[in-house]
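Okay, structure first, notes after.
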Amino acid sequence: MKKSKLKRMNSKEIEKHYPNSIILRDSKKVNEPIYILEYEKFPQKKLDHILRVEIALRKCERLKVFQQ
Amino acid sequence: MQNNLNLKKSYDEVLLVYNILKRLGSGNMSAFEDRIKNQKIQYFAQLFKISPSYDFNLYIRGPYSPDLAHDLYEMDKNKIDIKIEYLTLPTLESRFEKLKKFIKGKTIRELEIVSTLHWLNQMVNLPLKQAEQRLKELKKVSEEELTLSLKELEVLNEEIKA
């Protein structure tokens with residue numbers, strides 16, 4: 001995923017625009033803008049939520065999302 | 001690098017699959033037996049809900065996913081080397097430990113038999129007695145192997161239910 005795909009929006013906007021996304025919050029700044037991660041190819045019905053979160057976190061780590 | 005890959009699943013999903021296989025001493029593609037082992041471990045990893053789901057069908061050597069084979073070949077062909085890492089979420093790491101314990105010490109033949117019995121009983125929904133009969137026909141199992149696989153199926157069902 002390209003960096004440009006990371007948007008800053010509130011939760012409702014994210015749900016509306018990115019129904020296939022994992023929302024990642026910074027636990028220290030829960031009310032601040034949120035990073036989102038799209039997962040277009042994820043088969044939602046087959047992956048349980050915790051596994052989707054794991055993949056999203058690993059993807060963030062790989063892309064160094066939180067260090068940018 | 002991932003842009004050059006033609007994967008059936010997203011790159012990050014396949015990285016997780018690969019990571020789990022590697023942690024369990026699998027993920028090699030050079031020998032036929034290694035590839036069979038990959039398939040069976042992935043089958044169980046899905047049951048323990050620690051790995052993305054591939055569709056499996058029943059083949060001569062037990063449950064097999066052509067899409068998984070494709071993705072692993074693709075990773076191997078492109079020499080994708082990964083750093084083996086723990087799972088981020090403790091719940092998943094705990095499930096991983098259960099999987100590791102379950103497959104520990106099992107031969108490829110045993111993995112094949114237990115996964116086939118599970119497939120027949122749980123995926124095809126055959127009653128256990130019919131599943132046993134089909135297993136005998138398909139895998140030519142001995143009485144000893146059958147007894148062991150029934151016991152392991154019970155353990156498996158308990159573990160994945162918990």
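Just so we're on the same page: first chain in the structure tokens is A, next is B, and so on; residues restart at 1 for each chain, and ligands are numbered from 1 in the order they show up.
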- Message: Using only C-alpha atoms and a cut-off of 9 Å, which residues of chain B sit close to chain A? Please list them as a ChimeraX atom specification.
- Response: /B:8-10,12-13,15-16,49-54,87-89,91-92
- Message: Considering only helix (DSSP H, G or I) as DSSP defines it on the backbone, what residues of range 98-148 of chain B qualify? List them as a ChimeraX atom specification.
- Response: /B:98-103,108-123,128-139,143-148
Only N, CA and C atoms, please: the residues just picked out, written as a short mmCIF file (atom, residue, chain, number, x, y, z; two decimals), in the first residue's frame.
```cif
data_model
loop_
_atom_site.label_atom_id
_atom_site.label_comp_id
_atom_site.auth_asym_id
_atom_site.auth_seq_id
_atom_site.Cartn_x
_atom_site.Cartn_y
_atom_site.Cartn_z
N LYS B 98 -0.45 -23.78 20.61
CA LYS B 98 -1.31 -24.97 20.59
C LYS B 98 -1.10 -25.76 19.30
N LEU B 99 -1.01 -25.03 18.20
CA LEU B 99 -0.77 -25.69 16.91
C LEU B 99 0.58 -26.41 16.93
N LYS B 100 1.58 -25.72 17.44
CA LYS B 100 2.93 -26.29 17.49
C LYS B 100 2.93 -27.60 18.28
N LYS B 101 2.23 -27.56 19.41
CA LYS B 101 2.13 -28.75 20.25
C LYS B 101 1.40 -29.87 19.50
N PHE B 102 0.35 -29.48 18.77
CA PHE B 102 -0.45 -30.48 18.07
C PHE B 102 0.35 -31.20 16.98
N ILE B 103 1.15 -30.44 16.25
CA ILE B 103 1.86 -31.09 15.12
C ILE B 103 3.21 -31.68 15.52
N ILE B 108 4.77 -36.92 8.29
CA ILE B 108 3.93 -36.40 7.20
C ILE B 108 2.73 -37.32 6.98
N ARG B 109 2.97 -38.60 7.06
CA ARG B 109 1.88 -39.57 6.92
C ARG B 109 0.79 -39.35 7.98
N GLU B 110 1.21 -39.12 9.20
CA GLU B 110 0.24 -38.88 10.27
C GLU B 110 -0.53 -37.57 10.03
N LEU B 111 0.19 -36.55 9.58
CA LEU B 111 -0.49 -35.27 9.27
C LEU B 111 -1.52 -35.47 8.17
N GLU B 112 -1.13 -36.26 7.19
CA GLU B 112 -2.04 -36.56 6.07
C GLU B 112 -3.31 -37.27 6.55
N ILE B 113 -3.10 -38.27 7.38
CA ILE B 113 -4.25 -39.08 7.83
C ILE B 113 -5.19 -38.27 8.71
N VAL B 114 -4.63 -37.54 9.66
CA VAL B 114 -5.49 -36.77 10.57
C VAL B 114 -6.23 -35.67 9.80
N SER B 115 -5.52 -35.00 8.89
CA SER B 115 -6.18 -33.93 8.13
C SER B 115 -7.27 -34.50 7.20
N THR B 116 -7.00 -35.67 6.65
CA THR B 116 -8.01 -36.31 5.78
C THR B 116 -9.24 -36.70 6.59
N LEU B 117 -9.01 -37.28 7.77
CA LEU B 117 -10.14 -37.66 8.62
C LEU B 117 -10.93 -36.42 9.03
N HIS B 118 -10.22 -35.37 9.39
CA HIS B 118 -10.89 -34.12 9.75
C HIS B 118 -11.71 -33.60 8.59
N TRP B 119 -11.10 -33.62 7.42
CA TRP B 119 -11.79 -33.13 6.20
C TRP B 119 -13.09 -33.90 5.98
N LEU B 120 -13.00 -35.22 6.04
CA LEU B 120 -14.18 -36.06 5.77
C LEU B 120 -15.27 -35.83 6.81
N ASN B 121 -14.85 -35.74 8.06
CA ASN B 121 -15.81 -35.60 9.15
C ASN B 121 -16.38 -34.18 9.27
N GLN B 122 -15.51 -33.20 9.20
CA GLN B 122 -15.93 -31.83 9.47
C GLN B 122 -16.27 -31.01 8.22
N MET B 123 -15.58 -31.24 7.14
CA MET B 123 -15.83 -30.45 5.93
C MET B 123 -16.91 -31.08 5.06
N LEU B 128 -18.87 -39.91 11.81
CA LEU B 128 -17.52 -40.40 12.08
C LEU B 128 -17.27 -41.82 11.54
N LYS B 129 -18.27 -42.68 11.69
CA LYS B 129 -18.08 -44.07 11.22
C LYS B 129 -17.88 -44.11 9.71
N GLN B 130 -18.66 -43.30 9.00
CA GLN B 130 -18.49 -43.24 7.53
C GLN B 130 -17.16 -42.61 7.16
N ALA B 131 -16.78 -41.59 7.92
CA ALA B 131 -15.50 -40.93 7.66
C ALA B 131 -14.35 -41.93 7.85
N GLU B 132 -14.47 -42.75 8.90
CA GLU B 132 -13.44 -43.78 9.14
C GLU B 132 -13.35 -44.73 7.96
N GLN B 133 -14.52 -45.15 7.48
CA GLN B 133 -14.56 -46.09 6.36
C GLN B 133 -13.92 -45.50 5.11
N ARG B 134 -14.26 -44.24 4.83
CA ARG B 134 -13.69 -43.56 3.66
C ARG B 134 -12.18 -43.39 3.83
N LEU B 135 -11.78 -43.11 5.07
CA LEU B 135 -10.36 -42.95 5.34
C LEU B 135 -9.60 -44.24 5.06
N LYS B 136 -10.20 -45.36 5.47
CA LYS B 136 -9.57 -46.66 5.23
C LYS B 136 -9.39 -46.90 3.74
N GLU B 137 -10.41 -46.55 2.98
CA GLU B 137 -10.35 -46.76 1.53
C GLU B 137 -9.32 -45.84 0.87
N LEU B 138 -9.36 -44.57 1.28
CA LEU B 138 -8.51 -43.57 0.62
C LEU B 138 -7.05 -43.70 0.99
N LYS B 139 -6.80 -43.93 2.27
CA LYS B 139 -5.42 -43.87 2.75
C LYS B 139 -4.84 -45.22 3.14
N GLU B 143 -5.10 -50.52 11.42
CA GLU B 143 -5.93 -50.32 12.62
C GLU B 143 -5.24 -49.40 13.61
N GLU B 144 -3.93 -49.57 13.69
CA GLU B 144 -3.15 -48.74 14.62
C GLU B 144 -3.20 -47.27 14.21
N GLU B 145 -3.06 -47.04 12.90
CA GLU B 145 -3.13 -45.66 12.40
C GLU B 145 -4.52 -45.07 12.60
N LEU B 146 -5.52 -45.91 12.41
CA LEU B 146 -6.89 -45.43 12.58
C LEU B 146 -7.15 -45.03 14.03
N THR B 147 -6.73 -45.87 14.94
CA THR B 147 -6.92 -45.57 16.37
C THR B 147 -6.23 -44.26 16.73
N LEU B 148 -5.01 -44.12 16.25
CA LEU B 148 -4.25 -42.91 16.55
C LEU B 148 -4.92 -41.67 15.95
#
```
- Just how far from CA of Ser26 in chain B is CA of Asn157 in chain B, in Å to one decimal?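 Calculated distance between CA of Asn157 in chain B and CA of Ser26 in chain B is 23.1 Å.
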Extract the full set of strand (DSSP E or B) residues from range 52-90 of chain B according to DSSP on the backbone, and format it as a short mmCIF file (atom, residue, chain, number, x, y, z; two decimals) with N, CA and C atoms, in the first residue's frame.
```cif
data_model
loop_
_atom_site.label_atom_id
_atom_site.label_comp_id
_atom_site.auth_asym_id
_atom_site.auth_seq_id
_atom_site.Cartn_x
_atom_site.Cartn_y
_atom_site.Cartn_z
N ASN B 57 -9.12 -28.69 -1.25
CA ASN B 57 -9.88 -29.83 -1.76
C ASN B 57 -9.16 -31.10 -1.34
N LEU B 58 -9.87 -32.21 -1.45
CA LEU B 58 -9.25 -33.47 -1.05
C LEU B 58 -8.55 -34.11 -2.24
N TYR B 59 -7.27 -34.39 -2.06
CA TYR B 59 -6.47 -35.05 -3.09
C TYR B 59 -5.94 -36.38 -2.54
N GLY B 62 -4.29 -36.17 0.74
CA GLY B 62 -5.02 -35.42 1.76
C GLY B 62 -5.43 -34.05 1.28
N PRO B 63 -5.91 -33.19 2.21
CA PRO B 63 -6.36 -31.85 1.81
C PRO B 63 -5.22 -31.07 1.15
N TYR B 64 -5.57 -30.42 0.05
CA TYR B 64 -4.55 -29.71 -0.74
C TYR B 64 -5.17 -28.46 -1.33
#
```
- Atom-to-atom span, CA of Asp55 in chain B and CA of Lys37 in chain B, Å: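 About the pair CA of Asp55 in chain B and CA of Lys37 in chain B: they are 16.5 Å apart.
By only C-alpha atoms, and with residues fewer than 4 positions from Ala69 in chain B along its chain excluded, the set lying at most 9 Å from it is Arg35, Asn38, Gln39, Tyr64, Ser65, Tyr73 and Glu74 of chain B.
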Could you take the residues named above and write them with C-alpha atoms, as a short mmCIF file (atom, residue, chain, number, x, y, z; two decimals), in the first residue's frame?
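Below is the file again01.cif, written as the result:
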```cif
data_model
loop_
_atom_site.label_atom_id
_atom_site.label_comp_id
_atom_site.auth_asym_id
_atom_site.auth_seq_id
_atom_site.Cartn_x
_atom_site.Cartn_y
_atom_site.Cartn_z
CA ARG B 35 5.40 -29.39 -0.23
CA ASN B 38 3.44 -27.27 3.91
CA GLN B 39 -0.07 -28.09 2.79
CA TYR B 64 -4.55 -29.71 -0.74
CA SER B 65 -4.89 -26.12 -1.85
CA TYR B 73 5.91 -21.34 -5.43
CA GLU B 74 5.70 -17.65 -6.22
#
```
- What separates CA of Ala45 in chain B and CA of Arg95 in chain B is a distance of 9.0 Å
- Message: Report as a VMD selection string all protein, DNA and RNA residues lying within 12 Å of Lys77 in chain B, evaluated on only C-alpha atoms, omitting residues in the same chain fewer than 3 positions from it.
- Response: chain B and resid 4 to 7 28 to 30 69 to 74 80 to 81
Residues of the last selection are to be written out with C-alpha atoms, as a tab-separated table (two decimals), in the first residue's frame.
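Generated file (again.tsv):
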```tsv
chain	number	residue	atom	x	y	z
B	4	ASN	CA	6.50	-8.56	-9.26
B	5	LEU	CA	4.57	-11.29	-7.53
B	6	ASN	CA	1.44	-12.84	-8.91
B	7	LEU	CA	-0.23	-13.99	-5.71
B	28	ASN	CA	10.48	-25.35	1.85
B	29	MET	CA	9.47	-26.05	-1.71
B	30	SER	CA	12.33	-28.13	-3.08
B	69	ALA	CA	0.84	-24.11	-3.69
B	70	HIS	CA	0.79	-21.30	-6.24
B	71	ASP	CA	1.59	-18.62	-3.65
B	72	LEU	CA	4.38	-20.61	-2.03
B	73	TYR	CA	5.91	-21.34	-5.43
B	74	GLU	CA	5.70	-17.65	-6.22
B	80	ILE	CA	11.43	-13.86	-0.88
B	81	ASP	CA	13.34	-14.24	2.33
```
